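Q: data.cif is reproduced below (mmCIF, C-alpha atoms and all ligand atoms).
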```
data_upload
loop_
_atom_site.group_PDB
_atom_site.id
_atom_site.type_symbol
_atom_site.label_atom_id
_atom_site.label_comp_id
_atom_site.auth_asym_id
_atom_site.auth_seq_id
_atom_site.Cartn_x
_atom_site.Cartn_y
_atom_site.Cartn_z
ATOM 1 C CA MET A 1 116.147 93.615 147.079
ATOM 2 C CA THR A 2 113.693 96.153 148.491
ATOM 3 C CA THR A 3 112.573 96.096 152.122
ATOM 4 C CA ALA A 4 109.130 94.851 151.055
ATOM 5 C CA GLU A 5 110.663 92.049 149.016
ATOM 6 C CA ARG A 6 112.983 91.088 151.878
ATOM 7 C CA ILE A 7 109.966 90.773 154.178
ATOM 8 C CA ALA A 8 107.911 88.927 151.556
ATOM 9 C CA ALA A 9 110.773 86.479 150.949
ATOM 10 C CA ALA A 10 111.205 85.886 154.694
ATOM 11 C CA PHE A 11 107.440 85.433 155.108
ATOM 12 C CA HIS A 12 107.424 82.976 152.222
ATOM 13 C CA ALA A 13 110.312 80.918 153.644
ATOM 14 C CA ALA A 14 108.696 80.792 157.097
ATOM 15 C CA TYR A 15 105.241 80.000 155.705
ATOM 16 C CA GLU A 16 106.450 77.189 153.451
ATOM 17 C CA GLY A 17 108.715 75.873 156.200
ATOM 18 C CA LEU A 18 105.964 75.825 158.831
ATOM 19 C CA ALA A 19 103.192 74.474 156.598
ATOM 20 C CA PRO A 20 104.028 70.741 156.937
ATOM 21 C CA ALA A 21 104.287 70.940 160.741
ATOM 22 C CA ASN A 22 100.867 72.584 160.732
ATOM 23 C CA GLY A 23 99.267 69.947 158.534
ATOM 24 C CA TYR A 24 98.933 72.198 155.542
ATOM 25 C CA GLU A 25 100.161 71.448 152.047
ATOM 26 C CA THR A 26 100.924 74.594 150.069
ATOM 27 C CA ARG A 27 100.476 74.853 146.316
ATOM 28 C CA LYS A 28 103.190 73.145 144.302
ATOM 29 C CA ALA A 29 103.759 76.315 142.238
ATOM 30 C CA SER A 30 104.656 78.312 145.335
ATOM 31 C CA ALA A 31 106.354 75.600 147.442
ATOM 32 C CA LYS A 32 109.752 76.621 146.131
ATOM 33 C CA PRO A 33 112.620 78.884 147.100
ATOM 34 C CA TRP A 34 111.641 82.547 146.762
ATOM 35 C CA ALA A 35 113.615 83.051 143.532
ATOM 36 C CA GLU A 36 111.664 80.215 141.864
ATOM 37 C CA VAL A 37 108.193 81.338 142.921
ATOM 38 C CA PRO A 38 106.203 82.483 139.857
ATOM 39 C CA GLU A 39 106.778 86.185 139.232
ATOM 40 C CA ASN A 40 103.105 87.200 139.518
ATOM 41 C CA ASN A 41 102.931 85.404 142.883
ATOM 42 C CA ARG A 42 106.071 87.175 144.107
ATOM 43 C CA ALA A 43 104.753 90.543 142.878
ATOM 44 C CA LEU A 44 101.476 89.960 144.744
ATOM 45 C CA MET A 45 103.270 89.105 147.998
ATOM 46 C CA ILE A 46 105.559 92.150 147.688
ATOM 47 C CA ALA A 47 102.544 94.402 147.002
ATOM 48 C CA THR A 48 100.776 92.874 150.029
ATOM 49 C CA VAL A 49 103.771 93.633 152.260
ATOM 50 C CA GLU A 50 103.934 97.186 150.870
ATOM 51 C CA ALA A 51 100.246 97.633 151.747
ATOM 52 C CA LEU A 52 100.795 96.283 155.278
ATOM 53 C CA ILE A 53 103.711 98.686 155.774
ATOM 54 C CA ALA A 54 101.681 101.610 154.361
ATOM 55 C CA ASN A 55 98.773 100.736 156.679
ATOM 56 C CA HIS A 56 101.114 100.487 159.696
ATOM 57 C CA VAL A 57 100.195 96.843 160.271
ATOM 58 C CA ILE A 58 103.849 95.828 160.131
ATOM 59 C CA LYS A 59 107.029 97.819 160.612
ATOM 60 C CA PRO A 60 110.217 96.652 158.907
ATOM 61 C CA GLY A 61 112.994 95.656 161.273
ATOM 62 C CA PRO A 62 116.657 96.112 160.483
ATOM 63 C CA ALA A 63 117.867 94.014 157.577
ATOM 64 C CA SER A 64 120.135 91.208 158.638
ATOM 65 C CA GLY A 65 123.613 92.130 157.590
ATOM 66 C CA ASP A 66 124.598 88.484 157.586
ATOM 67 C CA PRO A 67 123.065 86.302 154.875
ATOM 68 C CA ALA A 68 123.917 83.253 157.023
ATOM 69 C CA ASN A 69 121.034 84.319 159.301
ATOM 70 C CA THR A 70 118.496 83.127 156.732
ATOM 71 C CA GLY A 71 118.304 79.397 157.463
ATOM 72 C CA HIS A 72 116.168 77.600 160.053
ATOM 73 C CA GLY A 73 119.130 76.883 162.318
ATOM 74 C CA HIS A 74 118.563 73.137 162.733
ATOM 75 C CA VAL A 75 120.945 71.907 160.041
ATOM 76 C CA ARG A 76 123.221 74.920 159.675
ATOM 77 C CA PRO A 77 123.674 76.898 162.906
ATOM 78 C CA ARG A 78 122.954 80.591 162.440
ATOM 79 C CA PRO A 79 125.280 83.275 163.780
ATOM 80 C CA ASP A 80 122.334 84.735 165.715
ATOM 81 C CA GLY A 81 121.617 81.327 167.292
ATOM 82 C CA ALA A 82 117.957 81.363 166.228
ATOM 83 C CA LYS A 83 116.080 78.151 165.441
ATOM 84 C CA ALA A 84 112.801 78.032 163.541
ATOM 85 C CA ARG A 85 109.875 76.263 165.220
ATOM 86 C CA CYS A 86 109.433 74.098 162.177
ATOM 87 C CA GLY A 87 110.192 70.540 163.280
ATOM 88 C CA GLY A 88 113.585 70.312 161.600
ATOM 89 C CA PRO A 89 114.759 68.039 158.749
ATOM 90 C CA GLY A 90 112.270 65.381 157.667
ATOM 91 C CA ILE A 91 109.332 67.467 158.845
ATOM 92 C CA CYS A 92 110.221 70.892 157.524
ATOM 93 C CA SER A 93 110.805 71.217 153.783
ATOM 94 C CA GLN A 94 113.216 74.142 154.224
ATOM 95 C CA CYS A 95 115.333 72.189 156.735
ATOM 96 C CA SER A 96 115.264 69.155 154.445
ATOM 97 C CA VAL A 97 116.505 71.393 151.625
ATOM 98 C CA GLU A 98 119.252 72.748 153.890
ATOM 99 C CA GLN A 99 120.248 69.196 154.859
ATOM 100 C CA ALA A 100 120.404 68.170 151.201
ATOM 101 C CA GLN A 101 122.534 71.221 150.418
ATOM 102 C CA MET A 102 124.863 70.492 153.350
ATOM 103 C CA SER A 103 125.361 66.854 152.347
ATOM 104 C CA LYS A 104 126.345 67.976 148.844
ATOM 105 C CA THR A 105 129.058 70.240 150.203
ATOM 106 C CA PRO A 106 132.398 68.368 150.477
HETATM 107 ZN ZN ZN A 201 112.939 74.256 159.211
#
```
Represent the structure of the file as C-alpha cells.
A:
Amino acid sequence: MTTAERIAAAFHAAYEGLAPANGYETRKASAKPWAEVPENNRALMIATVEALIANHVIKPGPASGDPANTGHGHVRPRPDGAKARCGGPGICSQCSVEQAQMSKTP
C-alpha cells in the first residue's frame, strides 16, 4: 500500500465513521470498508491525496507499524490508546462493525 493509499484509506475510515455522528449519510456504494469501495472511487481518493501531498497541503506522518492501531478504540483498545470521536458502537458504523467482528471471535 502506497503512502497516498494509506492516507486515503485512513481518511475514508474516519469519514465514514464520523458521518453518522455528524448527521450525514454517505453514499451506499462508498459506505464500506476501504477494500470494498469501488475501484474508481478508491483511485480518485488516492489521486486526491497525491495532489494534496504534491501541493504541500498535507504531509504524510509515519506509517503505523502496528496494524492494531487502525480501529476506533471503543470496542477494541488500541496499543496507542487512541479513541475516535465517533460516538462508539450503535452510533458509529465502524465501531458497530468492530463490535460485530469481536462478538464473532470465540
Ligand atoms: Zn467509531
Q: Could you check the closest approach to ligand ZN 201 (chain A) for each of A:Met45, A:Pro20, A:Ser30, A:Pro38 and tell me which residue wins, using only C-alpha atoms and all ligand atoms?
A: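 When distances to ligand ZN 201 (chain A) are compared using only C-alpha atoms and all ligand atoms, the smallest one comes from A:Pro20.
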Q: Suppose a student applies the PyMOL selection byres (((not hetatm)) within 7 of (chain A and resi 201)) to this structure; what residues should they get, written as a ChimeraX atom specification?
A: /A:17,72,74,84,86-89,92-95
Q: Mind pulling up the distance from CA of Gln99 (chain A) to CA of Gly73 (chain A)?
A: 10.8 Å
Q: List every protein, DNA or RNA residue with an atom no more than 8 Å from (115.2, 83.8, 155.7) in the file's coordinates, counting all atoms listed in the file, and format the result as a ChimeraX atom specification.
A: /A:9-11,13-14,69-72
Q: Rounded to one decimal place, report the CA of Ile58 (chain A)-CA of Arg42 (chain A) distance in Å.
A: 18.3 Å
Q: So how far away is CA of Ala54 (chain A) from CA of Ala8 (chain A), in Å?
A: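 Computing it gives 14.4 Å between the two atoms.
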Q: Only C-alpha atoms, please: region 17-95 of chain A from the block, as a PDB file, in the first residue's frame.
A:
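Output (decode25.pdb):
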```
ATOM      1  CA  GLY A  17     -17.094   6.532  10.880  1.00  0.00           C
ATOM      2  CA  LEU A  18     -17.811  10.172  11.730  1.00  0.00           C
ATOM      3  CA  ALA A  19     -20.623  10.704   9.219  1.00  0.00           C
ATOM      4  CA  PRO A  20     -23.493   9.302  11.352  1.00  0.00           C
ATOM      5  CA  ALA A  21     -22.475  11.338  14.417  1.00  0.00           C
ATOM      6  CA  ASN A  22     -22.494  14.410  12.190  1.00  0.00           C
ATOM      7  CA  GLY A  23     -25.931  13.723  10.754  1.00  0.00           C
ATOM      8  CA  TYR A  24     -24.664  12.833   7.328  1.00  0.00           C
ATOM      9  CA  GLU A  25     -25.470   9.679   5.409  1.00  0.00           C
ATOM     10  CA  THR A  26     -22.746   8.745   2.939  1.00  0.00           C
ATOM     11  CA  ARG A  27     -23.432   7.002  -0.354  1.00  0.00           C
ATOM     12  CA  LYS A  28     -24.161   3.299  -0.035  1.00  0.00           C
ATOM     13  CA  ALA A  29     -21.517   2.473  -2.672  1.00  0.00           C
ATOM     14  CA  SER A  30     -18.773   4.062  -0.589  1.00  0.00           C
ATOM     15  CA  ALA A  31     -20.032   3.264   2.941  1.00  0.00           C
ATOM     16  CA  LYS A  32     -17.924   0.126   3.051  1.00  0.00           C
ATOM     17  CA  PRO A  33     -14.509  -0.976   4.239  1.00  0.00           C
ATOM     18  CA  TRP A  34     -11.763   0.520   2.070  1.00  0.00           C
ATOM     19  CA  ALA A  35     -11.091  -2.745   0.206  1.00  0.00           C
ATOM     20  CA  GLU A  36     -14.753  -2.904  -0.890  1.00  0.00           C
ATOM     21  CA  VAL A  37     -15.049   0.688  -2.086  1.00  0.00           C
ATOM     22  CA  PRO A  38     -15.482   0.765  -5.890  1.00  0.00           C
ATOM     23  CA  GLU A  39     -12.089   0.897  -7.592  1.00  0.00           C
ATOM     24  CA  ASN A  40     -12.715   4.176  -9.450  1.00  0.00           C
ATOM     25  CA  ASN A  41     -13.727   5.791  -6.141  1.00  0.00           C
ATOM     26  CA  ARG A  42     -10.581   4.500  -4.431  1.00  0.00           C
ATOM     27  CA  ALA A  43      -8.411   5.672  -7.347  1.00  0.00           C
ATOM     28  CA  LEU A  44      -9.974   9.147  -7.135  1.00  0.00           C
ATOM     29  CA  MET A  45      -9.333   9.405  -3.386  1.00  0.00           C
ATOM     30  CA  ILE A  46      -5.722   8.217  -3.790  1.00  0.00           C
ATOM     31  CA  ALA A  47      -5.162  10.739  -6.611  1.00  0.00           C
ATOM     32  CA  THR A  48      -6.687  13.468  -4.407  1.00  0.00           C
ATOM     33  CA  VAL A  49      -4.303  12.612  -1.562  1.00  0.00           C
ATOM     34  CA  GLU A  50      -1.364  12.587  -4.000  1.00  0.00           C
ATOM     35  CA  ALA A  51      -2.385  16.073  -5.172  1.00  0.00           C
ATOM     36  CA  LEU A  52      -2.662  17.334  -1.576  1.00  0.00           C
ATOM     37  CA  ILE A  53       0.806  15.959  -0.797  1.00  0.00           C
ATOM     38  CA  ALA A  54       2.243  17.468  -4.011  1.00  0.00           C
ATOM     39  CA  ASN A  55       0.669  20.841  -3.154  1.00  0.00           C
ATOM     40  CA  HIS A  56       2.035  20.691   0.417  1.00  0.00           C
ATOM     41  CA  VAL A  57      -1.465  20.813   1.897  1.00  0.00           C
ATOM     42  CA  ILE A  58      -0.819  17.632   3.864  1.00  0.00           C
ATOM     43  CA  LYS A  59       2.397  15.939   4.916  1.00  0.00           C
ATOM     44  CA  PRO A  60       2.407  12.183   5.485  1.00  0.00           C
ATOM     45  CA  GLY A  61       3.176  11.130   9.035  1.00  0.00           C
ATOM     46  CA  PRO A  62       4.999   7.941   9.905  1.00  0.00           C
ATOM     47  CA  ALA A  63       3.109   4.798   8.981  1.00  0.00           C
ATOM     48  CA  SER A  64       1.811   2.932  11.976  1.00  0.00           C
ATOM     49  CA  GLY A  65       3.916  -0.142  12.373  1.00  0.00           C
ATOM     50  CA  ASP A  66       1.121  -1.834  14.267  1.00  0.00           C
ATOM     51  CA  PRO A  67      -1.984  -2.753  12.273  1.00  0.00           C
ATOM     52  CA  ALA A  68      -3.895  -2.953  15.580  1.00  0.00           C
ATOM     53  CA  ASN A  69      -3.755   0.869  15.647  1.00  0.00           C
ATOM     54  CA  THR A  70      -6.390   1.065  12.913  1.00  0.00           C
ATOM     55  CA  GLY A  71      -9.624   0.689  14.885  1.00  0.00           C
ATOM     56  CA  HIS A  72     -11.629   3.386  16.678  1.00  0.00           C
ATOM     57  CA  GLY A  73     -10.554   2.201  20.122  1.00  0.00           C
ATOM     58  CA  HIS A  74     -14.023   1.931  21.677  1.00  0.00           C
ATOM     59  CA  VAL A  75     -14.604  -1.781  21.116  1.00  0.00           C
ATOM     60  CA  ARG A  76     -11.038  -2.998  20.674  1.00  0.00           C
ATOM     61  CA  PRO A  77      -8.477  -0.993  22.667  1.00  0.00           C
ATOM     62  CA  ARG A  78      -5.616   0.235  20.502  1.00  0.00           C
ATOM     63  CA  PRO A  79      -1.992  -0.124  21.571  1.00  0.00           C
ATOM     64  CA  ASP A  80      -1.596   3.651  21.180  1.00  0.00           C
ATOM     65  CA  GLY A  81      -4.609   4.251  23.456  1.00  0.00           C
ATOM     66  CA  ALA A  82      -6.352   6.496  20.917  1.00  0.00           C
ATOM     67  CA  LYS A  83     -10.144   6.691  20.704  1.00  0.00           C
ATOM     68  CA  ALA A  84     -12.022   8.120  17.737  1.00  0.00           C
ATOM     69  CA  ARG A  85     -14.517  10.913  18.431  1.00  0.00           C
ATOM     70  CA  CYS A  86     -17.202   8.959  16.667  1.00  0.00           C
ATOM     71  CA  GLY A  87     -19.804   8.102  19.302  1.00  0.00           C
ATOM     72  CA  GLY A  88     -18.872   4.438  19.613  1.00  0.00           C
ATOM     73  CA  PRO A  89     -20.922   1.310  18.785  1.00  0.00           C
ATOM     74  CA  GLY A  90     -24.543   1.951  17.837  1.00  0.00           C
ATOM     75  CA  ILE A  91     -23.738   5.442  16.600  1.00  0.00           C
ATOM     76  CA  CYS A  92     -20.588   4.859  14.599  1.00  0.00           C
ATOM     77  CA  SER A  93     -20.769   2.336  11.763  1.00  0.00           C
ATOM     78  CA  GLN A  94     -17.068   1.455  12.059  1.00  0.00           C
ATOM     79  CA  CYS A  95     -17.400   0.757  15.801  1.00  0.00           C
TER      80      CYS A  95
END
```
